[in-house]
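S.K.: Right, I'll just put the structure down here and ask away after.
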Amino acid sequence: MKKIYSQIKSAISDSHHILLHLHPGSDADSAGSALAFYHYLTSINKKVTLISGDSNLSPGLATLPGADQITPQNFFDLNIADFDLFIILDSSEKRQISKLEEVVFPAHLKTIVIDHHASNQGFGDLNLIEADSPATCQIVYKLFKALKIKISKEIALCLFTGIFGDTGGFKYSSTTAETFSICAQLTKIAPNFTETLFNLENNDRPDRPKLLGLHLSHIETHFNGRIAISALPLSLLKKNNINPDDSVNAEISNTLKSVVGWEIGISMIEAGKDMVRVSFRTRDPAIFDVSEIATATGYGGGHKAAAGASLPMSLSKAKRLILRTISRLHPELGNI
Ligand SMILES: [Mn+2]
């Protein structure tokens, strides 16, 4: 067995109160991996607190088993002295724990980082990072199997949903035969998985199609039509009575990159004063590593094909920064 697996096992057995969190703008992989751990840890009678972190859980994810046990708190609402272990899942850096203030770990708190983001430098005491894994949930599955942890129906449903979400429904290039064989095992344990997927994908508010419509009517192209951007100012959202929710960002950047010739799709939304959330997708991650672009802005990160950033500046400044960053990293694209 890998040394890190047994180190994680002893850290858990030595602990008394374990903290779990969801990353800002949590997704199926974040919620699925945290809830899988929640179910396992409570099954061995550990005291566990799972916080929703900076954002509210999306209605689609709220149907995952155990989601009602997630407490609506962020990291700074807690008395960290109460905890002796923090298992940090699907988070490439401390800013994915909270973006409200700088996260500092007190000396008594042991930290375990389990993640699949290539940009993760390993900021925990123990780090299980597999950048070639399509989802944190897949890493957690392999860890649980190695430690001979029983995969209950609840755990199986959470892990499957996380893998489904982060592979874009088994479409992204990190999906392998191993992913399918793991999912075959998980769906054998939780045959009702299609119900969970339906709930995940069919829990919209009326705001969402309205926001999609606004985005789709604000597409502009740059670099001779090779980069497409949709950027929405807060004033426009307010005028249309839409909450500045950035949950459709990923959907829009995906839609943009689906157009032949638009090599990078970028969706931007002004979520508040001096706060712009950005999602990047590319058709060709071998040429356009969008995680490199997001990281180079100084405020983002992610994967080669899918990345994001939260820029503390006005929308026009954010757009300029992104275009200049792309121009610097990809001079072959020519003029902005
Ligand atoms: Mn993930």
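In the structure tokens, each chain is lettered A, B, ... as it comes, each chain's residues begin at 1, and ligands are numbered from 1 in order of appearance.
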Report as JSON lines the residues of chain A within 8 Å of ligand 1, each with its shortest atom pair and distance in Å (one decimal), using only C-alpha atoms and all ligand atoms, ordered by chain and increasing residue number.

M.R.:
{"residue": "A:Asp27", "atom": "CA", "partner": "ligand 1", "partner_atom_place_in_ligand_line": "1 (Mn)", "distance": 7.6}
{"residue": "A:Ala28", "atom": "CA", "partner": "ligand 1", "partner_atom_place_in_ligand_line": "1 (Mn)", "distance": 7.9}
{"residue": "A:Asp29", "atom": "CA", "partner": "ligand 1", "partner_atom_place_in_ligand_line": "1 (Mn)", "distance": 4.8}
{"residue": "A:Ser30", "atom": "CA", "partner": "ligand 1", "partner_atom_place_in_ligand_line": "1 (Mn)", "distance": 6.1}
{"residue": "A:Asp90", "atom": "CA", "partner": "ligand 1", "partner_atom_place_in_ligand_line": "1 (Mn)", "distance": 5.0}
{"residue": "A:Ser91", "atom": "CA", "partner": "ligand 1", "partner_atom_place_in_ligand_line": "1 (Mn)", "distance": 7.7}
{"residue": "A:Asp115", "atom": "CA", "partner": "ligand 1", "partner_atom_place_in_ligand_line": "1 (Mn)", "distance": 7.2}
{"residue": "A:His116", "atom": "CA", "partner": "ligand 1", "partner_atom_place_in_ligand_line": "1 (Mn)", "distance": 6.5}
{"residue": "A:His117", "atom": "CA", "partner": "ligand 1", "partner_atom_place_in_ligand_line": "1 (Mn)", "distance": 7.2}
{"residue": "A:Pro134", "atom": "CA", "partner": "ligand 1", "partner_atom_place_in_ligand_line": "1 (Mn)", "distance": 7.4}
{"residue": "A:Ala135", "atom": "CA", "partner": "ligand 1", "partner_atom_place_in_ligand_line": "1 (Mn)", "distance": 4.8}
{"residue": "A:Thr136", "atom": "CA", "partner": "ligand 1", "partner_atom_place_in_ligand_line": "1 (Mn)", "distance": 5.2}
{"residue": "A:Cys137", "atom": "CA", "partner": "ligand 1", "partner_atom_place_in_ligand_line": "1 (Mn)", "distance": 7.6}
{"residue": "A:Gly162", "atom": "CA", "partner": "ligand 1", "partner_atom_place_in_ligand_line": "1 (Mn)", "distance": 7.6}
{"residue": "A:Asp166", "atom": "CA", "partner": "ligand 1", "partner_atom_place_in_ligand_line": "1 (Mn)", "distance": 5.7}

S.K.: Quick one: everything within 7 Å of segment 189-193 of chain A, counting only C-alpha atoms, minus sequence neighbours fewer than 4 positions away in the same chain. Send it as a compact mmCIF listing (two decimals) with C-alpha atoms, in the first residue's frame.

M.R.:
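This went into part_13.txt:
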# COMPACT_ATOMS: atom_id res chain seq x y z
CA LYS A 153 -24.71 3.23 -1.24
CA ALA A 156 -21.06 5.37 -4.04
CA LEU A 157 -23.67 7.92 -5.14
CA GLN A 185 -18.41 -0.61 -9.41
CA LEU A 197 -28.09 12.91 -12.21

S.K.: To one decimal place in Å, what is the distance between atom CA of Leu109 of chain A and atom CA of His17 of chain A?

M.R.: 10.3 Å

S.K.: Which residues, written as a PyMOL selection string, have at least one atom at most 12 Å from Ser267 of chain A, with only C-alpha atoms counted and residues fewer than 6 positions away on the same chain left out?

M.R.: chain A and resi 211-212+214-216+218-221+227-233+246-257+276-282+306-310+315+318-319+322

S.K.: Which is closest to Thr175 of chain A among A:Ser26, A:Gly32, A:Lys150, A:Ser133, if we use only C-alpha atoms?

M.R.: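 Closest to Thr175 of chain A of all the choices is A:Ser133.
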
S.K.: Looking at A:Ser119, A:Ala177, A:Asn74, A:Arg226, which one is nearest to Ala294 of chain A, with distances taken over only C-alpha atoms?

M.R.: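 The answer is A:Ser119, which sits nearest to Ala294 of chain A.
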